[in-house]
Amino acid sequence: MGELIMKAKVALFSIVLGAALALGACGEASSSSSDSKTKENKVTMSDKKEMLMEANEKVDLMGTLTGAGSHKVSGNVTIKDNKLMLSDFVTDEGPDLHVYLVKGNNVADGVEVSKVDLKAKTQSFDVSDKDLSKYDHVLIYCEKAHEEFGEATLMDATDESAMTTSMVTGMFSGAGSHKVSGNAMIKDNKLMLTDFVTDEGPDLYVYLTKDGGVESGKELAKIDLNAKEQTFSLDNINTADYNTVVIYCKKAHETFGQAMLNS
């Protein structure tokens, strides 16, 4: 009887020991599998970053900064070798100016790169972690005021046709008894007014027109009566359809001045 009990204990011990060894092996396999997945994730993330950097190294873009609205911003933008570079950079002062890469001139569809130095004419920012294929504009944006100060349309610097940007200009003259003077220039998909002076009016807007016809023209924006330099975006506008810039008072239904455009 004692011998039977001893055999039963030995058998039970063997079963328990076998189960413990099996569980240990499972734990080791699970741990090994978890470690393997972690390593795979790290390798995947590393590979993606390396692939993004390699793709960005092929990017060679350039653009010219102009002010937005009444703000004065100028300089050049170059994106090359995973760097975004500003040169000859000048801007109006703002409390919180940042440089953004955006799609279609909309900061909501963009990514913040860095805060800009208001006094530095040459600045460089690392963009190796940004997918540069997604963006076609650079913005100078005031985060505190939620206001765009300046922008640049990006072009392929290796494309000779893109480098040769058409430009048309004209000189303002007053209409009737109104006095309007200054210059109008269309370049890089923007209309720029320089040395601009106008009689005061209650509701003055700038239009692109064909031969001065406001009814068939394209309203761009309300003008600033006191700003000598103003810039307006011409995105999604076929400027070839128009040949005259008109300053028009909507309230009085009256043209104050116009500039015929010539290449």
# chains A, B, ... in the order shown; residues from 1 in each chain; ligands from 1
call {"tool": "residues_around", "arguments": {"residues": "Ala55 (chain A)", "least_positions_apart": "3", "cutoff": "12 Å", "atoms": "only C-alpha atoms", "output": "list in words"}}
result
Lys48, Lys49, Glu50, Met51, Leu52, Lys58, Val59, Asp60, Lys80, Asp81, Asn82, Val127, Ser128, Asp129, Lys130, Asp131, Leu132 and Ser133 of chain A
call {"tool": "select_by_dssp", "arguments": {"residues": "region 120-219 of chain A", "states": "helix (DSSP H, G or I)", "output": "list in words"}}
result
Leu132, Ser133, Lys134, Glu160, Ser161, Ala162 and Met163 of chain A
call {"tool": "residues_around", "arguments": {"residues": "Asp203 (chain A)", "least_positions_apart": "4", "cutoff": "7 Å", "atoms": "only C-alpha atoms", "output": "list in words"}}
result
Cys249, Lys250 and Lys251 of chain A
call {"tool": "residues_around", "arguments": {"residues": "Thr198 (chain A)", "least_positions_apart": "3", "cutoff": "8 Å", "atoms": "only C-alpha atoms", "output": "compact mmCIF listing (two decimals) with C-alpha atoms, in the first residue's frame"}}
result
# COMPACT_ATOMS: atom_id res chain seq x y z
CA HIS A 178 -10.45 110.81 -58.40
CA LYS A 179 -6.72 110.65 -57.72
CA VAL A 180 -5.06 107.22 -57.69
CA SER A 181 -1.36 106.56 -58.29
CA LEU A 225 -6.43 103.10 -47.86
CA PHE A 256 -11.60 105.39 -58.66
call {"tool": "atom_distance", "arguments": {"atom1": "CA of Leu208 (chain A)", "atom2": "CA of Gln230 (chain A)"}}
result
14.8 Å
call {"tool": "closest_residue", "arguments": {"among": "A:Gly176, A:His137, A:His253, A:Met171", "to": "Asp156 (chain A)", "atoms": "only C-alpha atoms"}}
result
A:His137
call {"tool": "closest_residue", "arguments": {"among": "A:Thr255, A:Thr91, A:Thr66, A:Ser74", "to": "Gly174 (chain A)", "atoms": "only C-alpha atoms"}}
result
A:Thr255
call {"tool": "residues_around", "arguments": {"residues": "region 231-244 of chain A", "least_positions_apart": "3", "cutoff": "7 Å", "atoms": "only C-alpha atoms", "output": "count of residues only"}}
result
17
